[in-house]
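Text of the file upload-v4.txt, holding compact mmCIF, C-alpha atoms:
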```txt
# COMPACT_ATOMS: atom_id res chain seq x y z
CA MET W 279 206.85 197.02 11.14
CA ALA W 280 206.78 193.40 11.82
CA ASN W 281 205.31 193.97 15.30
CA LEU W 282 202.55 196.13 13.89
CA ARG W 283 201.50 193.46 11.47
CA GLY W 284 201.35 190.84 14.29
CA ALA W 285 199.15 193.03 16.46
CA THR W 286 196.85 193.74 13.61
CA ARG W 287 196.46 190.07 12.88
CA ALA W 288 195.66 189.27 16.51
CA THR W 289 193.03 192.01 16.60
CA VAL W 290 191.42 190.76 13.40
CA PHE W 291 191.39 187.18 14.78
CA ALA W 292 189.73 188.23 18.01
CA LEU W 293 187.08 190.21 16.17
CA SER W 294 186.41 187.31 13.84
CA LEU W 295 186.07 184.90 16.79
CA GLY W 296 183.69 187.25 18.57
CA LEU W 297 181.50 187.61 15.51
CA ALA W 298 181.41 183.84 15.06
CA LEU W 299 180.33 183.21 18.66
CA GLY W 300 177.73 185.94 18.45
CA ALA W 301 176.28 184.42 15.34
CA ALA W 302 176.13 181.00 17.00
CA TYR W 303 174.55 181.88 20.42
CA GLY W 304 173.06 185.25 20.10
CA PRO W 305 169.87 184.36 18.17
CA GLY W 306 168.88 181.49 20.56
CA GLU W 307 169.21 183.57 23.69
CA GLY W 308 167.32 186.33 22.11
CA GLU W 309 164.53 184.01 21.12
CA ALA W 310 164.30 182.55 24.63
CA GLN W 311 164.22 185.99 26.11
CA ALA W 312 161.48 186.92 23.69
CA GLN W 313 159.47 183.86 24.64
CA ARG W 314 159.78 184.65 28.32
CA SER W 315 158.74 188.18 27.89
CA ARG W 316 155.81 187.58 25.53
CA PRO W 317 152.26 186.84 26.98
CA LEU W 318 150.99 183.18 27.15
CA THR W 319 148.34 181.96 24.80
CA LYS W 320 144.94 180.71 26.05
CA LYS W 321 145.93 177.08 25.50
CA GLU W 322 149.15 177.49 27.43
CA ARG W 323 147.36 179.20 30.30
CA ALA W 324 144.84 176.32 30.51
CA LYS W 325 147.62 173.71 30.49
CA ARG W 326 149.53 175.51 33.21
CA GLN W 327 146.37 175.87 35.35
CA LYS W 328 145.63 172.17 34.97
CA GLU W 329 149.14 171.25 36.07
CA GLN W 330 148.82 173.50 39.10
CA GLU W 331 145.45 171.99 40.04
CA GLU W 332 146.79 168.41 39.78
CA ALA W 333 149.78 169.35 41.93
CA ALA W 334 147.46 170.92 44.53
CA LYS W 335 145.19 167.86 44.47
CA LYS W 336 148.11 165.48 45.05
CA GLU W 337 149.31 167.66 47.90
CA GLN W 338 145.84 167.61 49.51
CA GLU W 339 145.57 163.81 49.17
CA LYS W 340 148.94 163.45 50.83
CA LYS W 341 147.82 165.68 53.71
CA ASP W 342 144.51 163.71 54.07
CA GLN W 343 146.39 160.38 54.24
CA GLU W 344 148.74 161.76 56.87
CA ALA W 345 145.76 163.07 58.92
CA ALA W 346 143.94 159.68 58.68
CA ALA W 347 147.05 157.83 59.80
CA ALA W 348 147.47 160.20 62.74
CA ALA W 349 143.79 159.78 63.74
CA GLU W 350 144.07 155.97 63.59
CA GLU W 351 147.19 156.04 65.73
CA GLU W 352 145.43 158.28 68.26
CA GLU W 353 142.44 155.91 68.39
CA LYS W 354 144.73 152.96 69.08
CA LYS W 355 146.36 154.86 71.93
CA LYS W 356 142.94 155.69 73.44
CA LYS W 357 141.80 152.05 73.26
CA ALA W 358 145.03 150.86 74.85
CA ALA W 359 144.65 153.39 77.67
CA ALA W 360 140.99 152.45 78.23
CA SER W 361 141.84 148.73 78.30
CA ALA W 362 144.57 149.33 80.85
CA ALA W 363 142.27 151.42 83.05
CA ALA W 364 139.22 149.12 82.77
CA PRO W 365 138.58 146.74 85.76
CA ALA W 366 139.03 143.02 85.33
CA ALA W 367 136.06 141.22 83.83
CA PRO W 368 133.87 139.57 86.51
CA ALA W 369 133.96 135.80 86.82
CA PRO W 370 131.14 134.09 84.92
CA LYS W 371 128.11 133.42 87.08
CA LYS W 372 127.40 129.85 88.08
CA GLU W 373 124.56 128.50 86.03
CA GLU W 374 121.40 127.99 88.05
CA TRP W 375 118.56 125.65 87.40
CA ASP W 376 115.85 127.40 85.47
CA ASP W 377 112.70 126.42 87.35
CA SER W 378 110.56 128.18 84.75
CA VAL W 379 110.63 124.91 82.78
CA GLU W 380 108.52 123.31 85.53
CA ALA W 381 104.78 123.60 85.25
CA GLU W 382 103.28 125.95 87.82
CA LYS W 383 100.42 123.46 88.27
CA ALA W 384 100.72 119.74 87.76
CA VAL W 385 99.07 116.44 88.55
CA PHE W 386 101.69 114.12 90.02
CA VAL W 387 102.01 110.39 90.59
CA ALA W 388 104.74 108.99 92.84
CA ALA W 389 105.78 105.38 93.49
CA ASP W 390 107.77 104.19 96.55
CA LEU W 391 109.82 101.06 97.14
CA GLY W 392 111.99 100.49 100.17
CA PHE W 393 112.72 98.92 103.55
CA THR W 394 110.59 99.18 106.67
CA ARG W 395 111.10 98.29 110.30
CA ALA W 396 107.56 98.05 111.68
CA ASP W 397 106.46 97.58 115.29
CA LEU W 398 102.84 97.06 116.34
CA SER W 399 103.40 97.83 120.00
CA THR W 400 106.43 99.93 120.78
CA ILE W 401 104.44 101.51 123.65
CA ALA W 402 101.92 99.62 125.85
CA ALA W 403 102.96 96.25 124.43
CA SER W 404 101.41 94.27 127.33
CA SER W 405 97.95 95.58 126.49
CA MET W 406 98.29 94.28 122.94
CA ALA W 407 99.24 90.80 124.25
CA PHE W 408 101.81 90.25 121.49
CA ASP W 409 104.99 88.26 121.98
CA ARG W 410 106.85 89.86 119.07
CA GLY W 411 105.22 92.83 117.44
CA SER W 412 108.19 94.04 115.39
CA ALA W 413 109.50 92.80 112.05
CA ASN W 414 111.45 93.84 108.95
CA GLY W 415 110.03 93.93 105.47
CA LEU W 416 109.26 95.84 102.30
CA ILE W 417 107.32 99.05 101.96
CA ILE W 418 105.45 99.68 98.71
CA GLY W 419 103.56 102.92 98.11
CA LEU W 420 101.66 104.89 95.53
CA THR W 421 100.72 108.58 95.84
CA GLY W 422 98.71 110.82 93.53
CA GLY W 423 97.63 114.41 93.80
CA LEU W 424 98.07 118.03 92.82
CA ARG W 425 101.24 120.12 92.85
CA LEU W 426 100.91 123.91 93.03
CA LYS W 427 104.43 125.19 92.39
CA ASP W 428 106.24 124.13 95.63
CA TRP W 429 103.26 122.62 97.51
CA GLN W 430 101.92 119.11 96.98
CA TYR W 431 98.59 117.69 98.13
CA GLY W 432 97.90 114.00 97.65
CA LEU W 433 96.40 110.70 98.70
CA ARG W 434 98.71 107.82 99.58
CA TYR W 435 98.31 104.07 99.63
CA ARG W 436 100.98 101.92 101.29
CA ILE W 437 101.69 98.29 102.05
CA TYR W 438 103.96 97.28 104.93
CA ASP W 439 104.78 93.69 104.05
CA THR W 440 106.91 92.21 106.85
CA THR W 441 107.89 88.71 107.87
CA GLN W 442 105.31 88.65 110.74
CA PHE W 443 102.37 90.75 109.51
CA THR W 444 101.07 92.82 106.62
CA LEU W 445 99.57 96.27 107.09
CA TRP W 446 97.76 98.54 104.67
CA SER W 447 97.32 102.28 105.05
CA PHE W 448 95.41 105.09 103.31
CA SER W 449 96.36 108.66 104.16
CA ALA W 450 96.25 112.27 103.05
CA SER W 451 99.59 113.96 102.59
CA VAL W 452 100.91 117.48 102.23
CA ALA W 453 104.48 118.37 101.22
CA TYR W 454 106.60 121.43 100.64
CA ALA W 455 109.57 121.52 98.26
CA LEU W 456 112.46 123.85 99.05
CA LYS W 457 113.70 126.13 96.27
CA TYR W 458 116.83 124.20 95.32
CA ARG W 459 117.55 122.73 91.90
CA PRO W 460 118.27 120.32 90.37
CA VAL W 461 118.16 118.34 93.66
CA THR W 462 115.07 119.42 95.58
CA PRO W 463 114.67 118.72 99.33
CA ILE W 464 111.06 117.98 100.30
CA ILE W 465 109.39 117.90 103.73
CA GLU W 466 106.18 115.88 103.97
CA ALA W 467 103.54 114.95 106.55
CA HIS W 468 100.64 112.50 106.31
CA LEU W 469 97.65 111.40 108.36
CA GLY W 470 95.40 108.45 107.70
CA TYR W 471 94.00 105.02 108.55
CA VAL W 472 95.97 101.78 108.97
CA PHE W 473 94.77 98.20 109.40
CA ASP W 474 96.13 94.69 109.14
CA GLN W 475 95.68 92.25 106.28
CA SER W 476 97.24 89.32 108.09
CA ILE W 477 99.08 88.62 111.34
CA GLU W 478 101.13 85.45 111.75
CA SER W 479 100.36 83.24 114.77
CA SER W 480 103.98 83.56 115.88
CA VAL W 481 103.17 87.15 116.98
CA PHE W 482 100.93 85.79 119.84
CA LYS W 483 102.33 82.27 120.14
CA SER W 484 102.24 82.25 123.96
CA SER W 485 98.44 82.75 123.84
CA LEU W 486 97.82 79.57 121.82
CA PRO W 487 96.89 76.33 123.55
CA GLU W 488 98.55 73.01 122.81
CA GLY W 489 97.12 71.21 119.81
CA THR W 490 95.93 74.38 118.11
CA ILE W 491 94.57 73.55 114.68
CA LEU W 492 93.02 76.94 113.82
CA PRO W 493 94.58 80.06 115.37
CA PRO W 494 92.33 83.07 115.99
CA ASP W 495 91.96 85.88 113.52
CA VAL W 496 93.53 88.83 115.36
CA ASN W 497 92.74 92.26 113.98
CA VAL W 498 94.38 95.65 114.60
CA LYS W 499 93.46 99.03 113.19
CA GLY W 500 93.91 102.68 113.98
CA VAL W 501 95.34 106.05 113.03
CA ILE W 502 98.69 106.55 111.33
CA LEU W 503 100.58 109.85 111.61
CA GLY W 504 103.95 110.32 110.00
CA GLY W 505 106.53 112.55 108.38
CA GLU W 506 109.25 112.21 105.79
CA ALA W 507 112.24 114.00 104.37
CA SER W 508 113.26 113.31 100.80
CA GLY W 509 115.53 114.57 98.06
CA ASN W 510 114.41 114.42 94.45
CA TYR W 511 116.63 114.93 91.43
CA TRP W 512 114.96 116.50 88.38
CA VAL W 513 115.94 114.11 85.62
CA THR W 514 113.63 116.01 83.25
CA LYS W 515 111.04 118.74 83.77
CA TRP W 516 108.39 116.04 84.25
CA PHE W 517 110.29 113.19 86.01
CA ARG W 518 112.05 113.17 89.38
CA PHE W 519 113.91 110.41 91.18
CA GLY W 520 115.29 110.33 94.70
CA ALA W 521 115.37 108.78 98.17
CA PHE W 522 113.22 109.22 101.28
CA LEU W 523 113.49 108.61 105.02
CA GLY W 524 110.41 108.63 107.21
CA VAL W 525 108.81 107.72 110.50
CA ASP W 526 105.20 106.60 111.17
CA PHE W 527 103.40 106.52 114.51
CA MET W 528 100.49 104.06 114.62
CA PHE W 529 97.83 104.41 117.29
CA LEU W 530 96.38 100.89 117.16
CA SER W 531 93.50 99.17 118.84
CA ARG W 532 93.14 95.39 118.99
CA GLU W 533 89.77 93.75 119.09
CA ARG W 534 89.16 90.88 121.50
CA ALA W 535 90.18 87.75 119.61
CA PRO W 536 87.92 84.69 119.23
CA LEU W 537 89.04 81.52 120.98
CA PRO W 538 91.31 79.24 118.95
CA GLN W 539 90.31 75.71 117.99
CA SER W 540 92.35 72.92 119.52
CA THR W 541 92.37 69.16 119.27
CA PHE W 542 91.97 69.09 123.07
CA GLY W 543 88.90 71.29 123.10
CA PRO W 544 88.21 74.47 125.06
CA SER W 545 90.47 75.28 128.00
CA PRO W 546 89.49 77.60 130.89
CA GLU W 547 93.08 78.73 131.22
CA VAL W 548 93.13 79.96 127.62
CA GLU W 549 89.89 81.91 128.06
CA THR W 550 91.47 84.01 130.81
CA LEU W 551 94.38 85.18 128.63
CA PRO W 552 94.36 88.96 127.73
CA LEU W 553 94.20 88.22 124.00
CA TYR W 554 90.78 86.56 124.36
CA LYS W 555 89.49 88.31 127.46
CA GLU W 556 89.70 91.98 126.45
CA SER W 557 90.68 94.35 123.68
CA GLY W 558 93.99 96.17 123.69
CA PHE W 559 95.69 99.40 122.68
CA GLY W 560 99.24 100.19 121.68
CA ILE W 561 101.38 102.71 119.86
CA GLY W 562 103.50 101.34 117.08
CA LEU W 563 106.44 102.86 115.23
CA ASN W 564 107.60 102.34 111.65
CA ILE W 565 110.95 103.47 110.24
CA ASN W 566 110.95 103.65 106.45
CA LEU W 567 113.79 104.09 103.98
CA GLY W 568 113.60 103.77 100.22
CA PHE W 569 113.52 105.22 96.71
CA ARG W 570 110.86 107.31 95.01
CA GLY W 571 110.05 108.16 91.42
CA SER W 572 107.62 110.98 90.56
CA PHE W 573 105.89 111.95 87.32
CA ASP W 574 104.38 115.40 86.69
CA ILE W 575 101.67 116.18 84.16
CA GLY W 576 101.42 119.93 83.71
CA ILE W 577 98.01 121.61 83.60
CA GLU W 578 96.90 125.13 82.69
```
What is this structure when it is put down as structure tokens?
Amino acid sequence: MANLRGATRATVFALSLGLALGAAYGPGEGEAQAQRSRPLTKKERAKRQKEQEEAAKKEQEKKDQEAAAAAEEEEKKKKAAASAAAPAAPAPKKEEWDDSVEAEKAVFVAADLGFTRADLSTIAASSMAFDRGSANGLIIGLTGGLRLKDWQYGLRYRIYDTTQFTLWSFSASVAYALKYRPVTPIIEAHLGYVFDQSIESSVFKSSLPEGTILPPDVNVKGVILGGEASGNYWVTKWFRFGAFLGVDFMFLSRERAPLPQSTFGPSPEVETLPLYKESGFGIGLNINLGFRGSFDIGIE
């Protein structure tokens, strides 16, 4: 009897506990199940669609960023490969003088100053009847003319002022400038007329009588033919400075000199000397070395 009562109590307790738990959890689960099974409202559908669109947009942005990063990395690889395969850059070219700054046509003026070794009678000296026809001195010159690009045409005036005589010359010159810059080599030739301004009596001393008080006026003149080589540095497009080396050949004739005046009067022996008896001819040689400055004035 006692056992029956205990079993009954246990059964009642279990049923009571089950009813209590069902009352506590059963309505919530049922409500959730009802919510899941019922259709969504219009507002809920719009919210869910918006969330899905934002998620899809973020996913697309992520994919675009990854694609851009991959493209940038690929471009870097291509540039690196092209740089490795490209040949070495050529060495920079040496700068050349731009001769376009020079006027195609120009009027030029050139001045010379230098040393000369002049000889009145290098060849056929006996005919000239000079004791010493060579001397050292200064050469001074002035040239003006027209330059057409590399060719120059001018007129030249020169003074050969030596210790024994002074010569003047006027000549026409033509020159060609080689195409080098900024130092330009120039080859020049000239032809003209040369004559003396003064000749010292020491040149024909052996032809003077004793007691000479007035030596004769000896004159020489002739043709001068010469050539030069020079190098001019273009300081600016209108001024050049350089050095020259040249040679002149002088084809000279000497007139018969008048008799000198002496304290002892005329002497038959003096009258028979070649200087007073006949004219003479000789070939002289000048060696010239000096500096030259040239100015250009461009013309249209």
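If you count all atoms listed in the file and ignore residues fewer than 3 places along the chain from stretch 511-528 of chain W, what sits within 6 Å of it is Glu380, Pro460, Val461, Val501, Ile502, Leu503, Gly504, Gly505, Glu506, Ala507, Ser508, Ile561, Gly562, Leu563, Asn564, Ile565, Asn566, Leu567, Gly568, Phe569, Arg570, Gly571, Ser572, Phe573 and Asp574 of chain W.
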**Message:** Need the shell around W:Gln442: protein/DNA/RNA residues with any atom at most 7 Å away, counting all atoms listed in the file. Skip same-chain ones fewer than 5 positions apart. Format as a PyMOL selection string?
**Reply:** chain W and resi 413+477-478+481
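Each of W:Leu433, W:Leu551, W:Leu486, W:Ile577 was checked against W:Pro538 using all atoms listed in the file; the smallest atom-to-atom distance is that of W:Leu486.
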Listing only residues of stretch 343-457 of chain W within 9 Å of stretch 530-533 of chain W, what is the closest atom pair and its distance in Å (to one decimal) for each, using only C-alpha atoms, sorted by chain and residue number ascending, as a Markdown table?
```
| residue | atom | partner | partner_atom | distance |
| --- | --- | --- | --- | --- |
| W:Leu398 | CA | W:Leu530 | CA | 7.6 |
| W:Ser399 | CA | W:Leu530 | CA | 8.2 |
| W:Ser405 | CA | W:Arg532 | CA | 8.9 |
| W:Met406 | CA | W:Arg532 | CA | 6.6 |
```
**Point-to-point distance in Å for atom CA of W:Ile575 and atom CA of W:Leu469** = 25.0 Å
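In this model, the gap between atom CA of W:Gln430 and atom CA of W:Ala389 comes to 14.7 Å.
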**Top pick for closest residue to W:Ser479, considering W:Pro493, W:Gly392, W:Gly509, W:Pro463 and counting only C-alpha atoms** = W:Pro493
**Complete:** Computed gap from atom CA of W:Ser451 to atom CA of W:Gly411 is 26.4 Å
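Of the listed residues (W:Phe473, W:Phe443, W:Trp429, W:Tyr435), W:Trp429 comes nearest to W:Leu456; the distances count all atoms listed in the file.
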